[in-house]
>>> print(open('start_2.pdb').read())   # PDB, C-alpha atoms, pLDDT in the B column
MODEL        1
ATOM      1  CA  MET A 147       6.719 -19.652  10.244  1.00 93.00           C
ATOM      2  CA  ARG A 148       7.834 -16.586   8.310  1.00 98.00           C
ATOM      3  CA  VAL A 149       4.964 -14.831   6.565  1.00 98.00           C
ATOM      4  CA  VAL A 150       4.881 -11.983   4.053  1.00 98.00           C
ATOM      5  CA  VAL A 151       1.480 -10.376   3.518  1.00 98.00           C
ATOM      6  CA  LEU A 152       0.811  -8.062   0.575  1.00 98.00           C
ATOM      7  CA  THR A 153      -2.222  -5.804   0.954  1.00 98.00           C
ATOM      8  CA  GLY A 154      -3.936  -3.701  -1.677  1.00 95.00           C
ATOM      9  CA  ALA A 155      -6.906  -1.403  -2.071  1.00 91.00           C
ATOM     10  CA  GLY A 156      -9.407  -4.155  -1.319  1.00 92.00           C
ATOM     11  CA  ILE A 157      -8.502  -4.338   2.363  1.00 95.00           C
ATOM     12  CA  SER A 158      -9.165  -0.620   2.905  1.00 94.00           C
ATOM     13  CA  ALA A 159     -12.188  -0.332   0.616  1.00 90.00           C
ATOM     14  CA  GLU A 160     -14.404  -1.823   3.333  1.00 92.00           C
ATOM     15  CA  SER A 161     -13.339   1.022   5.626  1.00 94.00           C
ATOM     16  CA  GLY A 162     -14.602   3.542   3.082  1.00 89.00           C
ATOM     17  CA  VAL A 163     -11.291   4.354   1.409  1.00 87.00           C
ATOM     18  CA  PRO A 164     -11.973   4.642  -2.337  1.00 74.00           C
ATOM     19  CA  THR A 165     -10.050   2.263  -4.533  1.00 67.00           C
ATOM     20  CA  PHE A 166      -7.510   4.334  -6.419  1.00 61.00           C
ATOM     21  CA  ARG A 167      -8.474   3.162  -9.920  1.00 60.00           C
ATOM     22  CA  ASP A 168     -12.159   3.299 -10.807  1.00 54.00           C
ATOM     23  CA  ALA A 169     -13.800   0.851 -13.191  1.00 56.00           C
ATOM     24  CA  ASP A 170     -13.376   3.330 -16.064  1.00 53.00           C
ATOM     25  CA  GLY A 171      -9.650   3.645 -15.362  1.00 52.00           C
ATOM     26  CA  LEU A 172      -9.857   7.056 -13.706  1.00 53.00           C
ATOM     27  CA  TRP A 173      -8.241   7.949 -10.387  1.00 60.00           C
ATOM     28  CA  GLU A 174     -11.225   9.241  -8.390  1.00 63.00           C
ATOM     29  CA  GLY A 175     -12.473  11.112 -11.454  1.00 70.00           C
ATOM     30  CA  HIS A 176      -9.028  12.184 -12.689  1.00 72.00           C
ATOM     31  CA  ARG A 177      -6.863  10.843 -15.472  1.00 77.00           C
ATOM     32  CA  VAL A 178      -3.713   9.093 -14.306  1.00 76.00           C
ATOM     33  CA  GLU A 179      -1.636  11.603 -16.248  1.00 78.00           C
ATOM     34  CA  ASP A 180      -3.205  14.473 -14.293  1.00 85.00           C
ATOM     35  CA  VAL A 181      -2.531  13.372 -10.712  1.00 89.00           C
ATOM     36  CA  ALA A 182      -0.198  10.372 -10.552  1.00 90.00           C
ATOM     37  CA  THR A 183       2.934  11.207 -12.519  1.00 93.00           C
ATOM     38  CA  PRO A 184       5.956  13.440 -11.867  1.00 95.00           C
ATOM     39  CA  GLU A 185       5.167  15.257 -15.113  1.00 95.00           C
ATOM     40  CA  ALA A 186       1.688  16.163 -13.837  1.00 94.00           C
ATOM     41  CA  PHE A 187       3.197  17.679 -10.717  1.00 96.00           C
ATOM     42  CA  ASP A 188       5.660  19.727 -12.760  1.00 95.00           C
ATOM     43  CA  LEU A 189       2.852  21.060 -14.977  1.00 95.00           C
ATOM     44  CA  GLN A 190       0.037  21.547 -12.432  1.00 94.00           C
ATOM     45  CA  PRO A 191       1.350  21.271  -8.869  1.00 95.00           C
ATOM     46  CA  GLY A 192      -1.689  23.090  -7.471  1.00 94.00           C
ATOM     47  CA  MET A 193      -4.137  20.560  -8.877  1.00 92.00           C
ATOM     48  CA  VAL A 194      -2.030  17.596  -7.736  1.00 95.00           C
ATOM     49  CA  HIS A 195      -1.680  19.062  -4.240  1.00 96.00           C
ATOM     50  CA  ALA A 196      -5.437  19.701  -4.060  1.00 92.00           C
ATOM     51  CA  PHE A 197      -6.130  16.083  -5.026  1.00 91.00           C
ATOM     52  CA  TYR A 198      -3.893  14.621  -2.320  1.00 94.00           C
ATOM     53  CA  ASP A 199      -4.847  17.250   0.265  1.00 95.00           C
ATOM     54  CA  ALA A 200      -8.468  16.149  -0.134  1.00 90.00           C
ATOM     55  CA  ARG A 201      -7.528  12.493   0.251  1.00 91.00           C
ATOM     56  CA  ARG A 202      -5.441  13.288   3.328  1.00 94.00           C
ATOM     57  CA  ALA A 203      -8.363  15.114   4.939  1.00 92.00           C
ATOM     58  CA  ALA A 204     -10.775  12.283   4.100  1.00 90.00           C
ATOM     59  CA  LEU A 205      -8.493   9.725   5.747  1.00 93.00           C
ATOM     60  CA  ALA A 206      -9.418  11.117   9.163  1.00 90.00           C
ATOM     61  CA  GLU A 207     -13.037  10.109   8.547  1.00 92.00           C
ATOM     62  CA  VAL A 208     -12.411   6.356   8.160  1.00 95.00           C
ATOM     63  CA  ASP A 209     -11.380   3.628  10.608  1.00 97.00           C
ATOM     64  CA  PRO A 210      -9.597   0.260  10.354  1.00 97.00           C
ATOM     65  CA  ASN A 211     -11.822  -2.752   9.791  1.00 98.00           C
ATOM     66  CA  PRO A 212     -11.635  -6.354  11.098  1.00 98.00           C
ATOM     67  CA  ALA A 213      -9.159  -7.334   8.381  1.00 98.00           C
ATOM     68  CA  HIS A 214      -6.646  -4.744   9.589  1.00 98.00           C
ATOM     69  CA  ALA A 215      -7.254  -5.821  13.188  1.00 98.00           C
ATOM     70  CA  ALA A 216      -6.706  -9.486  12.315  1.00 98.00           C
ATOM     71  CA  LEU A 217      -3.287  -8.748  10.809  1.00 98.00           C
ATOM     72  CA  ALA A 218      -2.332  -6.749  13.891  1.00 98.00           C
ATOM     73  CA  ARG A 219      -3.354  -9.725  16.003  1.00 98.00           C
ATOM     74  CA  LEU A 220      -1.237 -12.025  13.841  1.00 98.00           C
ATOM     75  CA  GLU A 221       1.751  -9.744  14.377  1.00 98.00           C
ATOM     76  CA  GLN A 222       1.350 -10.071  18.140  1.00 97.00           C
ATOM     77  CA  THR A 223       2.029 -13.791  17.746  1.00 97.00           C
ATOM     78  CA  LEU A 224       4.575 -13.871  14.904  1.00 98.00           C
ATOM     79  CA  GLY A 225       6.492 -10.700  15.749  1.00 97.00           C
ATOM     80  CA  ASP A 226       9.415 -10.187  13.364  1.00 97.00           C
ATOM     81  CA  ASP A 227       8.389 -13.276  11.399  1.00 98.00           C
ATOM     82  CA  LEU A 228       5.547 -11.252   9.843  1.00 98.00           C
ATOM     83  CA  LEU A 229       6.059  -8.440   7.354  1.00 98.00           C
ATOM     84  CA  VAL A 230       3.087  -6.561   5.907  1.00 98.00           C
ATOM     85  CA  VAL A 231       3.922  -4.989   2.556  1.00 98.00           C
ATOM     86  CA  THR A 232       1.155  -2.639   1.502  1.00 98.00           C
ATOM     87  CA  GLN A 233       0.398  -0.898  -1.758  1.00 96.00           C
ATOM     88  CA  ASN A 234      -1.938   1.397   0.169  1.00 96.00           C
ATOM     89  CA  ILE A 235      -0.926   4.908   1.176  1.00 95.00           C
ATOM     90  CA  ASP A 236      -3.366   5.116   4.102  1.00 96.00           C
ATOM     91  CA  ASP A 237      -2.408   4.496   7.742  1.00 97.00           C
ATOM     92  CA  LEU A 238      -5.106   1.974   8.649  1.00 98.00           C
ATOM     93  CA  HIS A 239      -2.640  -0.849   9.337  1.00 98.00           C
ATOM     94  CA  GLU A 240      -0.793   1.322  11.822  1.00 98.00           C
ATOM     95  CA  ARG A 241      -3.989   2.554  13.449  1.00 98.00           C
ATOM     96  CA  SER A 242      -5.087  -1.037  13.981  1.00 98.00           C
ATOM     97  CA  GLY A 243      -1.857  -1.757  15.868  1.00 98.00           C
ATOM     98  CA  SER A 244       0.478  -3.181  13.202  1.00 98.00           C
ATOM     99  CA  GLN A 245       4.065  -1.994  13.512  1.00 97.00           C
ATOM    100  CA  ARG A 246       5.916  -4.088  10.916  1.00 97.00           C
ATOM    101  CA  VAL A 247       4.431  -2.393   7.847  1.00 98.00           C
ATOM    102  CA  LEU A 248       6.282  -1.397   4.683  1.00 98.00           C
ATOM    103  CA  HIS A 249       4.538   1.137   2.417  1.00 98.00           C
ATOM    104  CA  MET A 250       5.997   0.373  -0.994  1.00 98.00           C
ATOM    105  CA  HIS A 251       3.982   3.139  -2.690  1.00 97.00           C
ATOM    106  CA  GLY A 252       4.607   5.801  -0.059  1.00 98.00           C
ATOM    107  CA  GLU A 253       2.342   7.323   2.555  1.00 97.00           C
ATOM    108  CA  LEU A 254      -0.390   9.924   2.404  1.00 96.00           C
ATOM    109  CA  LEU A 255       0.639  11.239   5.831  1.00 98.00           C
ATOM    110  CA  SER A 256       4.163  12.001   4.675  1.00 98.00           C
ATOM    111  CA  ALA A 257       5.784  14.676   2.517  1.00 98.00           C
ATOM    112  CA  LEU A 258       8.825  14.294   0.287  1.00 98.00           C
ATOM    113  CA  CYS A 259      11.159  17.237  -0.305  1.00 98.00           C
ATOM    114  CA  ARG A 260      12.371  17.520  -3.874  1.00 96.00           C
ATOM    115  CA  GLY A 261      15.247  19.647  -2.608  1.00 96.00           C
ATOM    116  CA  CYS A 262      16.936  17.536   0.074  1.00 97.00           C
ATOM    117  CA  ARG A 263      14.975  14.264  -0.611  1.00 96.00           C
ATOM    118  CA  SER A 264      13.992  13.956   3.048  1.00 97.00           C
ATOM    119  CA  ARG A 265      10.680  12.374   4.058  1.00 97.00           C
ATOM    120  CA  SER A 266       8.732  14.045   6.873  1.00 97.00           C
ATOM    121  CA  PRO A 267       5.502  13.091   8.690  1.00 97.00           C
ATOM    122  CA  TRP A 268       2.785  15.399   7.359  1.00 97.00           C
ATOM    123  CA  ALA A 269      -0.914  15.764   8.165  1.00 96.00           C
ATOM    124  CA  ASP A 270      -1.590  19.308   6.892  1.00 96.00           C
ATOM    125  CA  PRO A 271      -2.326  20.613   3.383  1.00 96.00           C
ATOM    126  CA  LEU A 272       0.565  21.033   0.968  1.00 97.00           C
ATOM    127  CA  ALA A 273      -1.222  23.298  -1.507  1.00 95.00           C
ATOM    128  CA  ASP A 274      -0.054  26.442   0.294  1.00 94.00           C
ATOM    129  CA  LEU A 275       3.581  25.369  -0.344  1.00 95.00           C
ATOM    130  CA  PRO A 276       4.951  25.130   3.195  1.00 97.00           C
ATOM    131  CA  PRO A 277       8.733  24.928   3.634  1.00 97.00           C
ATOM    132  CA  CYS A 278      10.522  21.651   4.167  1.00 98.00           C
ATOM    133  CA  PRO A 279      11.076  21.123   7.925  1.00 96.00           C
ATOM    134  CA  ARG A 280      14.578  19.832   7.175  1.00 96.00           C
ATOM    135  CA  CYS A 281      16.051  22.270   4.628  1.00 97.00           C
ATOM    136  CA  GLY A 282      13.518  25.117   4.495  1.00 96.00           C
ATOM    137  CA  VAL A 283      13.025  24.942   0.724  1.00 96.00           C
ATOM    138  CA  THR A 284       9.432  25.116  -0.588  1.00 96.00           C
ATOM    139  CA  GLU A 285       9.717  21.925  -2.624  1.00 96.00           C
ATOM    140  CA  LEU A 286       7.440  19.529  -0.747  1.00 98.00           C
ATOM    141  CA  ARG A 287       5.335  17.037  -2.716  1.00 97.00           C
ATOM    142  CA  PRO A 288       3.142  14.108  -1.670  1.00 98.00           C
ATOM    143  CA  ASP A 289       5.312  11.201  -0.556  1.00 98.00           C
ATOM    144  CA  VAL A 290       3.524   8.907  -2.987  1.00 97.00           C
ATOM    145  CA  VAL A 291       5.188   6.713  -5.593  1.00 96.00           C
ATOM    146  CA  TRP A 292       3.820   7.829  -8.950  1.00 94.00           C
ATOM    147  CA  PHE A 293       3.887   6.070 -12.301  1.00 90.00           C
ATOM    148  CA  GLY A 294       7.416   6.041 -13.637  1.00 91.00           C
ATOM    149  CA  GLU A 295       8.947   6.017 -10.135  1.00 96.00           C
ATOM    150  CA  ILE A 296      10.518   3.092  -8.282  1.00 96.00           C
ATOM    151  CA  PRO A 297       8.602   1.749  -5.243  1.00 97.00           C
ATOM    152  CA  TYR A 298      10.270   1.984  -1.859  1.00 98.00           C
ATOM    153  CA  GLU A 299      12.489  -0.704  -0.303  1.00 97.00           C
ATOM    154  CA  MET A 300      12.352  -3.251  -3.110  1.00 98.00           C
ATOM    155  CA  ASP A 301      15.544  -4.942  -1.898  1.00 98.00           C
ATOM    156  CA  ARG A 302      14.032  -5.477   1.539  1.00 97.00           C
ATOM    157  CA  ILE A 303      10.807  -6.824   0.024  1.00 98.00           C
ATOM    158  CA  TYR A 304      12.533  -9.348  -2.224  1.00 98.00           C
ATOM    159  CA  GLY A 305      14.761 -10.390   0.670  1.00 98.00           C
ATOM    160  CA  ALA A 306      11.651 -11.125   2.743  1.00 98.00           C
ATOM    161  CA  LEU A 307      10.064 -13.035  -0.153  1.00 98.00           C
ATOM    162  CA  GLU A 308      13.193 -15.152  -0.455  1.00 98.00           C
ATOM    163  CA  ARG A 309      13.054 -16.135   3.230  1.00 98.00           C
ATOM    164  CA  CYS A 310       9.312 -16.546   3.793  1.00 98.00           C
ATOM    165  CA  ASP A 311       7.433 -19.804   4.213  1.00 98.00           C
ATOM    166  CA  LEU A 312       4.057 -18.339   3.273  1.00 98.00           C
ATOM    167  CA  PHE A 313       3.095 -15.455   0.987  1.00 98.00           C
ATOM    168  CA  VAL A 314      -0.430 -14.061   1.270  1.00 98.00           C
ATOM    169  CA  SER A 315      -1.996 -11.488  -1.054  1.00 98.00           C
ATOM    170  CA  ILE A 316      -5.024  -9.607   0.282  1.00 98.00           C
ATOM    171  CA  GLY A 317      -7.280  -7.289  -1.696  1.00 95.00           C
ATOM    172  CA  THR A 318      -5.074  -6.784  -4.743  1.00 93.00           C
ATOM    173  CA  SER A 319      -5.926  -6.678  -8.440  1.00 88.00           C
ATOM    174  CA  GLY A 320      -2.922  -8.713  -9.526  1.00 87.00           C
ATOM    175  CA  ALA A 321      -2.418  -6.207 -12.331  1.00 84.00           C
ATOM    176  CA  VAL A 322       0.064  -3.650 -10.958  1.00 86.00           C
ATOM    177  CA  TYR A 323       3.746  -4.519 -11.119  1.00 90.00           C
ATOM    178  CA  PRO A 324       6.101  -5.099  -9.429  1.00 95.00           C
ATOM    179  CA  ALA A 325       3.668  -6.214  -6.694  1.00 95.00           C
ATOM    180  CA  ALA A 326       1.816  -8.517  -9.087  1.00 93.00           C
ATOM    181  CA  GLY A 327       5.018 -10.518  -9.506  1.00 97.00           C
ATOM    182  CA  PHE A 328       5.583 -11.147  -5.789  1.00 98.00           C
ATOM    183  CA  VAL A 329       3.612 -14.413  -5.832  1.00 98.00           C
ATOM    184  CA  GLN A 330       5.896 -15.877  -8.484  1.00 98.00           C
ATOM    185  CA  ALA A 331       9.009 -14.665  -6.670  1.00 98.00           C
ATOM    186  CA  ALA A 332       7.890 -16.206  -3.372  1.00 98.00           C
ATOM    187  CA  ALA A 333       6.896 -19.473  -5.059  1.00 98.00           C
ATOM    188  CA  SER A 334      10.267 -19.709  -6.807  1.00 98.00           C
ATOM    189  CA  TYR A 335      11.940 -19.726  -3.380  1.00 97.00           C
ATOM    190  CA  GLY A 336       9.660 -22.487  -2.134  1.00 98.00           C
ATOM    191  CA  ALA A 337       6.974 -20.561  -0.247  1.00 98.00           C
ATOM    192  CA  ARG A 338       3.345 -21.591  -0.247  1.00 98.00           C
ATOM    193  CA  THR A 339       1.042 -18.916  -1.640  1.00 98.00           C
ATOM    194  CA  LEU A 340      -2.489 -17.848  -0.724  1.00 98.00           C
ATOM    195  CA  GLU A 341      -4.835 -15.257  -2.211  1.00 98.00           C
ATOM    196  CA  LEU A 342      -7.567 -13.646  -0.109  1.00 98.00           C
ATOM    197  CA  ASN A 343      -9.641 -11.422  -2.358  1.00 96.00           C
ATOM    198  CA  LEU A 344     -13.212 -10.320  -2.926  1.00 94.00           C
ATOM    199  CA  LEU A 345     -13.094 -11.837  -6.425  1.00 92.00           C
ATOM    200  CA  PRO A 346     -10.428 -13.760  -8.346  1.00 94.00           C
ATOM    201  CA  SER A 347      -7.614 -11.409  -9.313  1.00 92.00           C
ATOM    202  CA  GLU A 348      -5.780 -11.405 -12.624  1.00 91.00           C
ATOM    203  CA  GLY A 349      -3.127 -13.571 -10.978  1.00 94.00           C
ATOM    204  CA  SER A 350      -5.375 -15.998  -9.070  1.00 96.00           C
ATOM    205  CA  HIS A 351      -4.136 -18.951 -11.131  1.00 96.00           C
ATOM    206  CA  LEU A 352      -0.609 -18.389  -9.787  1.00 97.00           C
ATOM    207  CA  PHE A 353      -1.530 -19.148  -6.156  1.00 98.00           C
ATOM    208  CA  ASP A 354      -1.525 -22.521  -4.426  1.00 98.00           C
ATOM    209  CA  GLU A 355      -4.821 -21.613  -2.756  1.00 98.00           C
ATOM    210  CA  THR A 356      -7.438 -18.897  -3.157  1.00 97.00           C
ATOM    211  CA  ARG A 357     -10.262 -17.837  -0.845  1.00 97.00           C
ATOM    212  CA  HIS A 358     -12.757 -15.265  -1.997  1.00 96.00           C
ATOM    213  CA  GLY A 359     -15.048 -12.975  -0.038  1.00 97.00           C
ATOM    214  CA  PRO A 360     -14.967  -9.637   1.811  1.00 96.00           C
ATOM    215  CA  ALA A 361     -11.619  -8.951   3.467  1.00 96.00           C
ATOM    216  CA  SER A 362     -13.350  -8.209   6.774  1.00 96.00           C
ATOM    217  CA  ARG A 363     -14.511 -11.846   6.812  1.00 97.00           C
ATOM    218  CA  VAL A 364     -11.905 -13.935   5.005  1.00 98.00           C
ATOM    219  CA  VAL A 365      -8.847 -12.339   6.653  1.00 98.00           C
ATOM    220  CA  PRO A 366     -10.018 -12.869  10.283  1.00 98.00           C
ATOM    221  CA  ASP A 367     -11.089 -16.420   9.363  1.00 98.00           C
ATOM    222  CA  TRP A 368      -7.642 -17.149   7.916  1.00 98.00           C
ATOM    223  CA  VAL A 369      -5.832 -15.650  10.919  1.00 98.00           C
ATOM    224  CA  ASP A 370      -8.013 -17.625  13.312  1.00 98.00           C
ATOM    225  CA  ALA A 371      -7.220 -20.862  11.453  1.00 97.00           C
ATOM    226  CA  LEU A 372      -3.501 -20.093  11.293  1.00 96.00           C
ATOM    227  CA  LEU A 373      -3.241 -19.292  14.982  1.00 94.00           C
ATOM    228  CA  GLY A 374      -5.535 -22.129  15.968  1.00 89.00           C
TER     229      GLY A 374
ENDMDL
END
>>> encode(input="start_2.pdb", output="structure tokens")
Amino acid sequence: MRVVVLTGAGISAESGVPTFRDADGLWEGHRVEDVATPEAFDLQPGMVHAFYDARRAALAEVDPNPAHAALARLEQTLGDDLLVVTQNIDDLHERSGSQRVLHMHGELLSALCRGCRSRSPWADPLADLPPCPRCGVTELRPDVVWFGEIPYEMDRIYGALERCDLFVSIGTSGAVYPAAGFVQAAASYGARTLELNLLPSEGSHLFDETRHGPASRVVPDWVDALLG
């Protein structure tokens, strides 16, 4: 069985990672236009760096939860037949043991050079404008896909959706495209579809099956049933 799993903020929220969009539409107290667009970075790079530097530092204070661990356990059985596509920029999947993870929206522990376009592992602050380890230019920015930018590896994702037998969405709102359209793409190629979410998402009606509850409970239960 070939499985594609999409994960969103809901799977990491139980570890203490704040969901990116608050109920009032703000990004952890900031307007989207202030911290999540290329234009914001051009106008106020210091403020944008401070925002992501704080998030990077806070990431060290949280740990993977049973939902992350369950997906890592599933990978041990399925191997290359499992691909985890995550909208999250944290590293909790990797810390739980998952290796086949694709971060479509970038990674908090990575820096992107606007000079040479290289991506480098990065755990330190960027606000003090360190040089790029590849080209030496002081043009590093958070390696995060902002509004108006194209997510990473879309061709690989759609290729996996075309070949999968089962598509599972975990902890997503069903409101952010292109990820919100993955269920329809997978279904059009004949895959069965399953939503695991705390509450029904905006796209719940598009799935063959939905199961609702905390990710730390419903994901291990699903993995146990699948492997059993």
>>> closest_residue(input="start_2.pdb", among="A:Met250, A:Leu373, A:Ala337, A:Val291", to="Thr183 in chain A", atoms="only C-alpha atoms")
A:Val291
>>> atom_distance(input="start_2.pdb", atom1="CA of Thr318 in chain A", atom2="CA of His214 in chain A")
14.6 Å
>>> atom_distance(input="start_2.pdb", atom1="CA of Cys278 in chain A", atom2="CA of Ile303 in chain A")
28.8 Å
>>> closest_residue(input="start_2.pdb", among="A:Glu185, A:Glu341, A:Asp227, A:Glu285", to="Arg265 in chain A", atoms="all atoms listed in the file")
A:Glu285
>>> resolve_selection(input="start_2.pdb", expression="the PyMOL selection byres ((chain A and resi 208) around 7)", output="ChimeraX atom specification")
/A:161-162,205-207,209
>>> closest_residue(input="start_2.pdb", among="A:Gln233, A:Gln245, A:Asn343, A:Ser158", to="Trp368 in chain A", atoms="only C-alpha atoms")
A:Asn343
>>> resolve_selection(input="start_2.pdb", expression="the PyMOL selection byres ((chain A and resi 332) around 12)", output="PyMOL selection string")
chain A and resi 148-152+303-315+325-331+333-340+352-354
>>> write_last_selection(input="start_2.pdb", atoms="C-alpha atoms", output="mmCIF file, in the frame of the given file")
data_model
loop_
_atom_site.group_PDB
_atom_site.id
_atom_site.type_symbol
_atom_site.label_atom_id
_atom_site.label_comp_id
_atom_site.auth_asym_id
_atom_site.auth_seq_id
_atom_site.Cartn_x
_atom_site.Cartn_y
_atom_site.Cartn_z
ATOM 1 C CA ARG A 148 7.834 -16.586 8.310
ATOM 2 C CA VAL A 149 4.964 -14.831 6.565
ATOM 3 C CA VAL A 150 4.881 -11.983 4.053
ATOM 4 C CA VAL A 151 1.480 -10.376 3.518
ATOM 5 C CA LEU A 152 0.811 -8.062 0.575
ATOM 6 C CA ILE A 303 10.807 -6.824 0.024
ATOM 7 C CA TYR A 304 12.533 -9.348 -2.224
ATOM 8 C CA GLY A 305 14.761 -10.390 0.670
ATOM 9 C CA ALA A 306 11.651 -11.125 2.743
ATOM 10 C CA LEU A 307 10.064 -13.035 -0.153
ATOM 11 C CA GLU A 308 13.193 -15.152 -0.455
ATOM 12 C CA ARG A 309 13.054 -16.135 3.230
ATOM 13 C CA CYS A 310 9.312 -16.546 3.793
ATOM 14 C CA ASP A 311 7.433 -19.804 4.213
ATOM 15 C CA LEU A 312 4.057 -18.339 3.273
ATOM 16 C CA PHE A 313 3.095 -15.455 0.987
ATOM 17 C CA VAL A 314 -0.430 -14.061 1.270
ATOM 18 C CA SER A 315 -1.996 -11.488 -1.054
ATOM 19 C CA ALA A 325 3.668 -6.214 -6.694
ATOM 20 C CA ALA A 326 1.816 -8.517 -9.087
ATOM 21 C CA GLY A 327 5.018 -10.518 -9.506
ATOM 22 C CA PHE A 328 5.583 -11.147 -5.789
ATOM 23 C CA VAL A 329 3.612 -14.413 -5.832
ATOM 24 C CA GLN A 330 5.896 -15.877 -8.484
ATOM 25 C CA ALA A 331 9.009 -14.665 -6.670
ATOM 26 C CA ALA A 333 6.896 -19.473 -5.059
ATOM 27 C CA SER A 334 10.267 -19.709 -6.807
ATOM 28 C CA TYR A 335 11.940 -19.726 -3.380
ATOM 29 C CA GLY A 336 9.660 -22.487 -2.134
ATOM 30 C CA ALA A 337 6.974 -20.561 -0.247
ATOM 31 C CA ARG A 338 3.345 -21.591 -0.247
ATOM 32 C CA THR A 339 1.042 -18.916 -1.640
ATOM 33 C CA LEU A 340 -2.489 -17.848 -0.724
ATOM 34 C CA LEU A 352 -0.609 -18.389 -9.787
ATOM 35 C CA PHE A 353 -1.530 -19.148 -6.156
ATOM 36 C CA ASP A 354 -1.525 -22.521 -4.426
#
